[in-house]
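Have a look at the structure below, then the notes.
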Amino acid sequence: RASAMAGESVAWWHVSTWLRVIRSTFDRRGDGDTEPISELAMVDTLTRADVAVVDDLGAEYMTDWTRSMVYAVVNGRDSTMLPTIYTTNLPLDAPKGDSIASVYGDRVASRLSRCVRIVLRDSADLRPRKSSVSP
């Protein structure tokens with residue numbers, strides 16, 4: 001919020017939503033005489049913003065295309081050294097089970113390990129749960 005109030009561009013995307021928006025732009029054009037909406041434009045939304053928040057990394061359906069899109073953002077943010085917040089439930093690396101390294105590969109894990117400060121938050125899930133007990 002402080003960055004936006006200071007006039008900086010801020011991009012905040014939930015990864016799975018961002019990927020759905022990219023898929024929806026395939027073979028579409030913008031309104032009127034504007035340039036075509038493209039995958040590149042959507043990647044640029046996150047890679048060129050002054051500040052970016054990439055929310056819930058690892059929760060999306062995993063394909064090679066998904067991995068390449070996430071790599072494009074992580075690599076773009078890393079190469080420009082712009083401030084980025086990544087949220088995820090995955091550890092960076094783990095001997096067993098899912099991790100950033102096992103899901104996205106060593107290139108993404110390597111870039112994240114050198115450009116992020118890891119803040120662990122170990123708390124109960126605050127999302128409401130459906131009760132299996134009927135009233």
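The way I read the labels, and the way they are meant: chains A, B, ... in the order of the structure tokens, residue 1 as the first residue of every chain, and ligand 1 as the first ligand shown, with later ones counted on from there.
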Give me, as number ranges by chain, all polymer residues having an atom no more than 9 Å from segment 11-28 of chain A, counting only C-alpha atoms and skipping those fewer than 5 positions away in the same chain. A: 36-43, 45-61, 66, 69-70
Could you save the residues just selected, with N, CA, C and O atoms, as a JSON list (two decimals), in the first residue's frame?
```
[["chain", "number", "residue", "atom", "x", "y", "z"],
["A", 36, "PRO", "N", -2.35, -6.08, -29.53],
["A", 36, "PRO", "CA", -2.88, -7.36, -29.05],
["A", 36, "PRO", "C", -2.49, -7.61, -27.60],
["A", 36, "PRO", "O", -1.40, -7.24, -27.17],
["A", 37, "ILE", "N", -3.40, -8.17, -26.85],
["A", 37, "ILE", "CA", -3.08, -8.60, -25.50],
["A", 37, "ILE", "C", -2.30, -9.89, -25.65],
["A", 37, "ILE", "O", -2.68, -10.77, -26.41],
["A", 38, "SER", "N", -1.19, -10.00, -24.96],
["A", 38, "SER", "CA", -0.34, -11.15, -25.20],
["A", 38, "SER", "C", 0.20, -11.74, -23.90],
["A", 38, "SER", "O", 0.15, -11.12, -22.84],
["A", 39, "GLU", "N", 0.72, -12.94, -24.04],
["A", 39, "GLU", "CA", 1.42, -13.60, -22.94],
["A", 39, "GLU", "C", 2.55, -12.70, -22.45],
["A", 39, "GLU", "O", 2.74, -12.52, -21.26],
["A", 40, "LEU", "N", 3.30, -12.11, -23.39],
["A", 40, "LEU", "CA", 4.41, -11.24, -23.03],
["A", 40, "LEU", "C", 3.94, -10.05, -22.20],
["A", 40, "LEU", "O", 4.57, -9.68, -21.20],
["A", 41, "ALA", "N", 2.81, -9.46, -22.56],
["A", 41, "ALA", "CA", 2.28, -8.32, -21.80],
["A", 41, "ALA", "C", 1.93, -8.73, -20.37],
["A", 41, "ALA", "O", 2.18, -7.98, -19.43],
["A", 42, "MET", "N", 1.38, -9.93, -20.21],
["A", 42, "MET", "CA", 1.03, -10.39, -18.87],
["A", 42, "MET", "C", 2.28, -10.69, -18.05],
["A", 42, "MET", "O", 2.32, -10.43, -16.85],
["A", 43, "VAL", "N", 3.30, -11.25, -18.67],
["A", 43, "VAL", "CA", 4.56, -11.50, -17.96],
["A", 43, "VAL", "C", 5.18, -10.15, -17.58],
["A", 43, "VAL", "O", 5.66, -9.98, -16.46],
["A", 45, "THR", "N", 3.67, -7.47, -16.88],
["A", 45, "THR", "CA", 2.92, -6.90, -15.76],
["A", 45, "THR", "C", 3.64, -7.18, -14.44],
["A", 45, "THR", "O", 3.77, -6.30, -13.59],
["A", 46, "LEU", "N", 4.11, -8.41, -14.29],
["A", 46, "LEU", "CA", 4.81, -8.77, -13.06],
["A", 46, "LEU", "C", 6.30, -8.46, -13.09],
["A", 46, "LEU", "O", 6.88, -8.12, -12.07],
["A", 47, "THR", "N", 6.93, -8.56, -14.23],
["A", 47, "THR", "CA", 8.39, -8.37, -14.25],
["A", 47, "THR", "C", 8.81, -6.91, -14.25],
["A", 47, "THR", "O", 9.90, -6.59, -13.79],
["A", 48, "ARG", "N", 7.95, -6.02, -14.71],
["A", 48, "ARG", "CA", 8.34, -4.61, -14.81],
["A", 48, "ARG", "C", 7.77, -3.71, -13.72],
["A", 48, "ARG", "O", 8.17, -2.55, -13.62],
["A", 49, "ALA", "N", 6.85, -4.20, -12.94],
["A", 49, "ALA", "CA", 6.27, -3.38, -11.88],
["A", 49, "ALA", "C", 7.35, -2.99, -10.87],
["A", 49, "ALA", "O", 8.29, -3.76, -10.63],
["A", 50, "ASP", "N", 7.23, -1.81, -10.29],
["A", 50, "ASP", "CA", 8.20, -1.38, -9.28],
["A", 50, "ASP", "C", 8.23, -2.35, -8.10],
["A", 50, "ASP", "O", 9.28, -2.63, -7.54],
["A", 51, "VAL", "N", 7.06, -2.84, -7.73],
["A", 51, "VAL", "CA", 6.91, -3.81, -6.64],
["A", 51, "VAL", "C", 5.93, -4.88, -7.11],
["A", 51, "VAL", "O", 4.92, -4.55, -7.73],
["A", 52, "ALA", "N", 6.23, -6.15, -6.83],
["A", 52, "ALA", "CA", 5.32, -7.23, -7.23],
["A", 52, "ALA", "C", 5.08, -8.17, -6.07],
["A", 52, "ALA", "O", 5.98, -8.42, -5.26],
["A", 53, "VAL", "N", 3.86, -8.67, -6.01],
["A", 53, "VAL", "CA", 3.50, -9.72, -5.06],
["A", 53, "VAL", "C", 3.02, -10.90, -5.89],
["A", 53, "VAL", "O", 2.09, -10.77, -6.69],
["A", 54, "VAL", "N", 3.69, -12.03, -5.73],
["A", 54, "VAL", "CA", 3.35, -13.27, -6.42],
["A", 54, "VAL", "C", 2.80, -14.19, -5.34],
["A", 54, "VAL", "O", 3.54, -14.73, -4.54],
["A", 55, "ASP", "N", 1.49, -14.32, -5.33],
["A", 55, "ASP", "CA", 0.80, -14.97, -4.21],
["A", 55, "ASP", "C", 0.49, -16.45, -4.49],
["A", 55, "ASP", "O", 0.02, -16.79, -5.56],
["A", 56, "ASP", "N", 0.75, -17.27, -3.50],
["A", 56, "ASP", "CA", 0.40, -18.70, -3.48],
["A", 56, "ASP", "C", 1.13, -19.51, -4.55],
["A", 56, "ASP", "O", 0.54, -20.36, -5.23],
["A", 57, "LEU", "N", 2.41, -19.27, -4.66],
["A", 57, "LEU", "CA", 3.26, -20.01, -5.58],
["A", 57, "LEU", "C", 3.22, -21.49, -5.25],
["A", 57, "LEU", "O", 3.42, -21.88, -4.11],
["A", 58, "GLY", "N", 2.92, -22.32, -6.23],
["A", 58, "GLY", "CA", 2.87, -23.76, -6.03],
["A", 58, "GLY", "C", 1.47, -24.32, -5.90],
["A", 58, "GLY", "O", 1.28, -25.53, -5.85],
["A", 59, "ALA", "N", 0.46, -23.45, -5.87],
["A", 59, "ALA", "CA", -0.92, -23.92, -5.72],
["A", 59, "ALA", "C", -1.59, -24.16, -7.07],
["A", 59, "ALA", "O", -2.67, -24.73, -7.13],
["A", 60, "GLU", "N", -0.95, -23.75, -8.15],
["A", 60, "GLU", "CA", -1.54, -23.87, -9.48],
["A", 60, "GLU", "C", -1.34, -25.27, -10.06],
["A", 60, "GLU", "O", -0.50, -26.03, -9.60],
["A", 61, "TYR", "N", -2.14, -25.58, -11.08],
["A", 61, "TYR", "CA", -2.00, -26.85, -11.79],
["A", 61, "TYR", "C", -0.67, -26.82, -12.54],
["A", 61, "TYR", "O", -0.37, -25.88, -13.27],
["A", 66, "THR", "N", 3.23, -23.86, -17.30],
["A", 66, "THR", "CA", 3.15, -23.19, -16.01],
["A", 66, "THR", "C", 4.55, -22.93, -15.46],
["A", 66, "THR", "O", 4.86, -21.83, -15.01],
["A", 69, "MET", "N", 6.22, -20.08, -17.30],
["A", 69, "MET", "CA", 5.67, -18.77, -16.95],
["A", 69, "MET", "C", 6.21, -18.31, -15.59],
["A", 69, "MET", "O", 6.61, -17.16, -15.43],
["A", 70, "VAL", "N", 6.23, -19.21, -14.62],
["A", 70, "VAL", "CA", 6.76, -18.86, -13.30],
["A", 70, "VAL", "C", 8.25, -18.53, -13.41],
["A", 70, "VAL", "O", 8.72, -17.55, -12.83]]
```
Counting only C-alpha atoms, what is within 10 Å of segment 86-93 of chain A, bar same-chain residues fewer than 2 positions away, as a PyMOL selection string? chain A and resi 14-15+52-59+74+84+95-103+105-106+108-110+112-113+116-121
Selection file, C-alpha atoms, as a PDB file, in the first residue's frame:
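Listed below is the output, selection_35.pdb:
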```pdb
ATOM      1  CA  HIS A  14      -2.465 -14.850  -7.265  1.00  0.00           C
ATOM      2  CA  VAL A  15      -0.451 -17.220  -9.495  1.00  0.00           C
ATOM      3  CA  ALA A  52       5.325  -7.228  -7.229  1.00  0.00           C
ATOM      4  CA  VAL A  53       3.501  -9.717  -5.059  1.00  0.00           C
ATOM      5  CA  VAL A  54       3.345 -13.268  -6.425  1.00  0.00           C
ATOM      6  CA  ASP A  55       0.797 -14.972  -4.213  1.00  0.00           C
ATOM      7  CA  ASP A  56       0.404 -18.701  -3.484  1.00  0.00           C
ATOM      8  CA  LEU A  57       3.263 -20.012  -5.584  1.00  0.00           C
ATOM      9  CA  GLY A  58       2.871 -23.763  -6.029  1.00  0.00           C
ATOM     10  CA  ALA A  59      -0.919 -23.915  -5.716  1.00  0.00           C
ATOM     11  CA  VAL A  74      11.156 -15.170 -11.136  1.00  0.00           C
ATOM     12  CA  THR A  84       9.147  -8.903  -4.880  1.00  0.00           C
ATOM     13  CA  PRO A  95      14.683 -34.048   0.902  1.00  0.00           C
ATOM     14  CA  LYS A  96      11.230 -35.607   0.502  1.00  0.00           C
ATOM     15  CA  GLY A  97       7.949 -34.252  -0.782  1.00  0.00           C
ATOM     16  CA  ASP A  98       7.054 -31.144  -2.710  1.00  0.00           C
ATOM     17  CA  SER A  99       9.329 -28.121  -2.610  1.00  0.00           C
ATOM     18  CA  ILE A 100      10.020 -25.167  -4.885  1.00  0.00           C
ATOM     19  CA  ALA A 101      13.004 -27.108  -6.275  1.00  0.00           C
ATOM     20  CA  SER A 102      11.018 -30.280  -6.973  1.00  0.00           C
ATOM     21  CA  VAL A 103       7.999 -28.470  -8.442  1.00  0.00           C
ATOM     22  CA  GLY A 105      13.237 -26.999 -10.877  1.00  0.00           C
ATOM     23  CA  ASP A 106      16.647 -25.930  -9.720  1.00  0.00           C
ATOM     24  CA  VAL A 108      13.765 -21.224 -10.059  1.00  0.00           C
ATOM     25  CA  ALA A 109      14.916 -22.464  -6.636  1.00  0.00           C
ATOM     26  CA  SER A 110      18.402 -21.044  -7.226  1.00  0.00           C
ATOM     27  CA  LEU A 112      14.713 -17.506  -5.267  1.00  0.00           C
ATOM     28  CA  SER A 113      17.404 -18.609  -2.820  1.00  0.00           C
ATOM     29  CA  VAL A 116      14.658 -13.618  -1.186  1.00  0.00           C
ATOM     30  CA  ARG A 117      14.642 -13.346   2.544  1.00  0.00           C
ATOM     31  CA  ILE A 118      12.604 -16.246   3.855  1.00  0.00           C
ATOM     32  CA  VAL A 119      10.042 -15.404   6.500  1.00  0.00           C
ATOM     33  CA  LEU A 120       8.398 -18.457   8.002  1.00  0.00           C
ATOM     34  CA  ARG A 121       4.963 -18.162   9.424  1.00  0.00           C
TER      35      ARG A 121
END
```
Which of segment 34-129 of chain A counts as helix (DSSP H, G or I) under DSSP, as a count of residues only please? 41
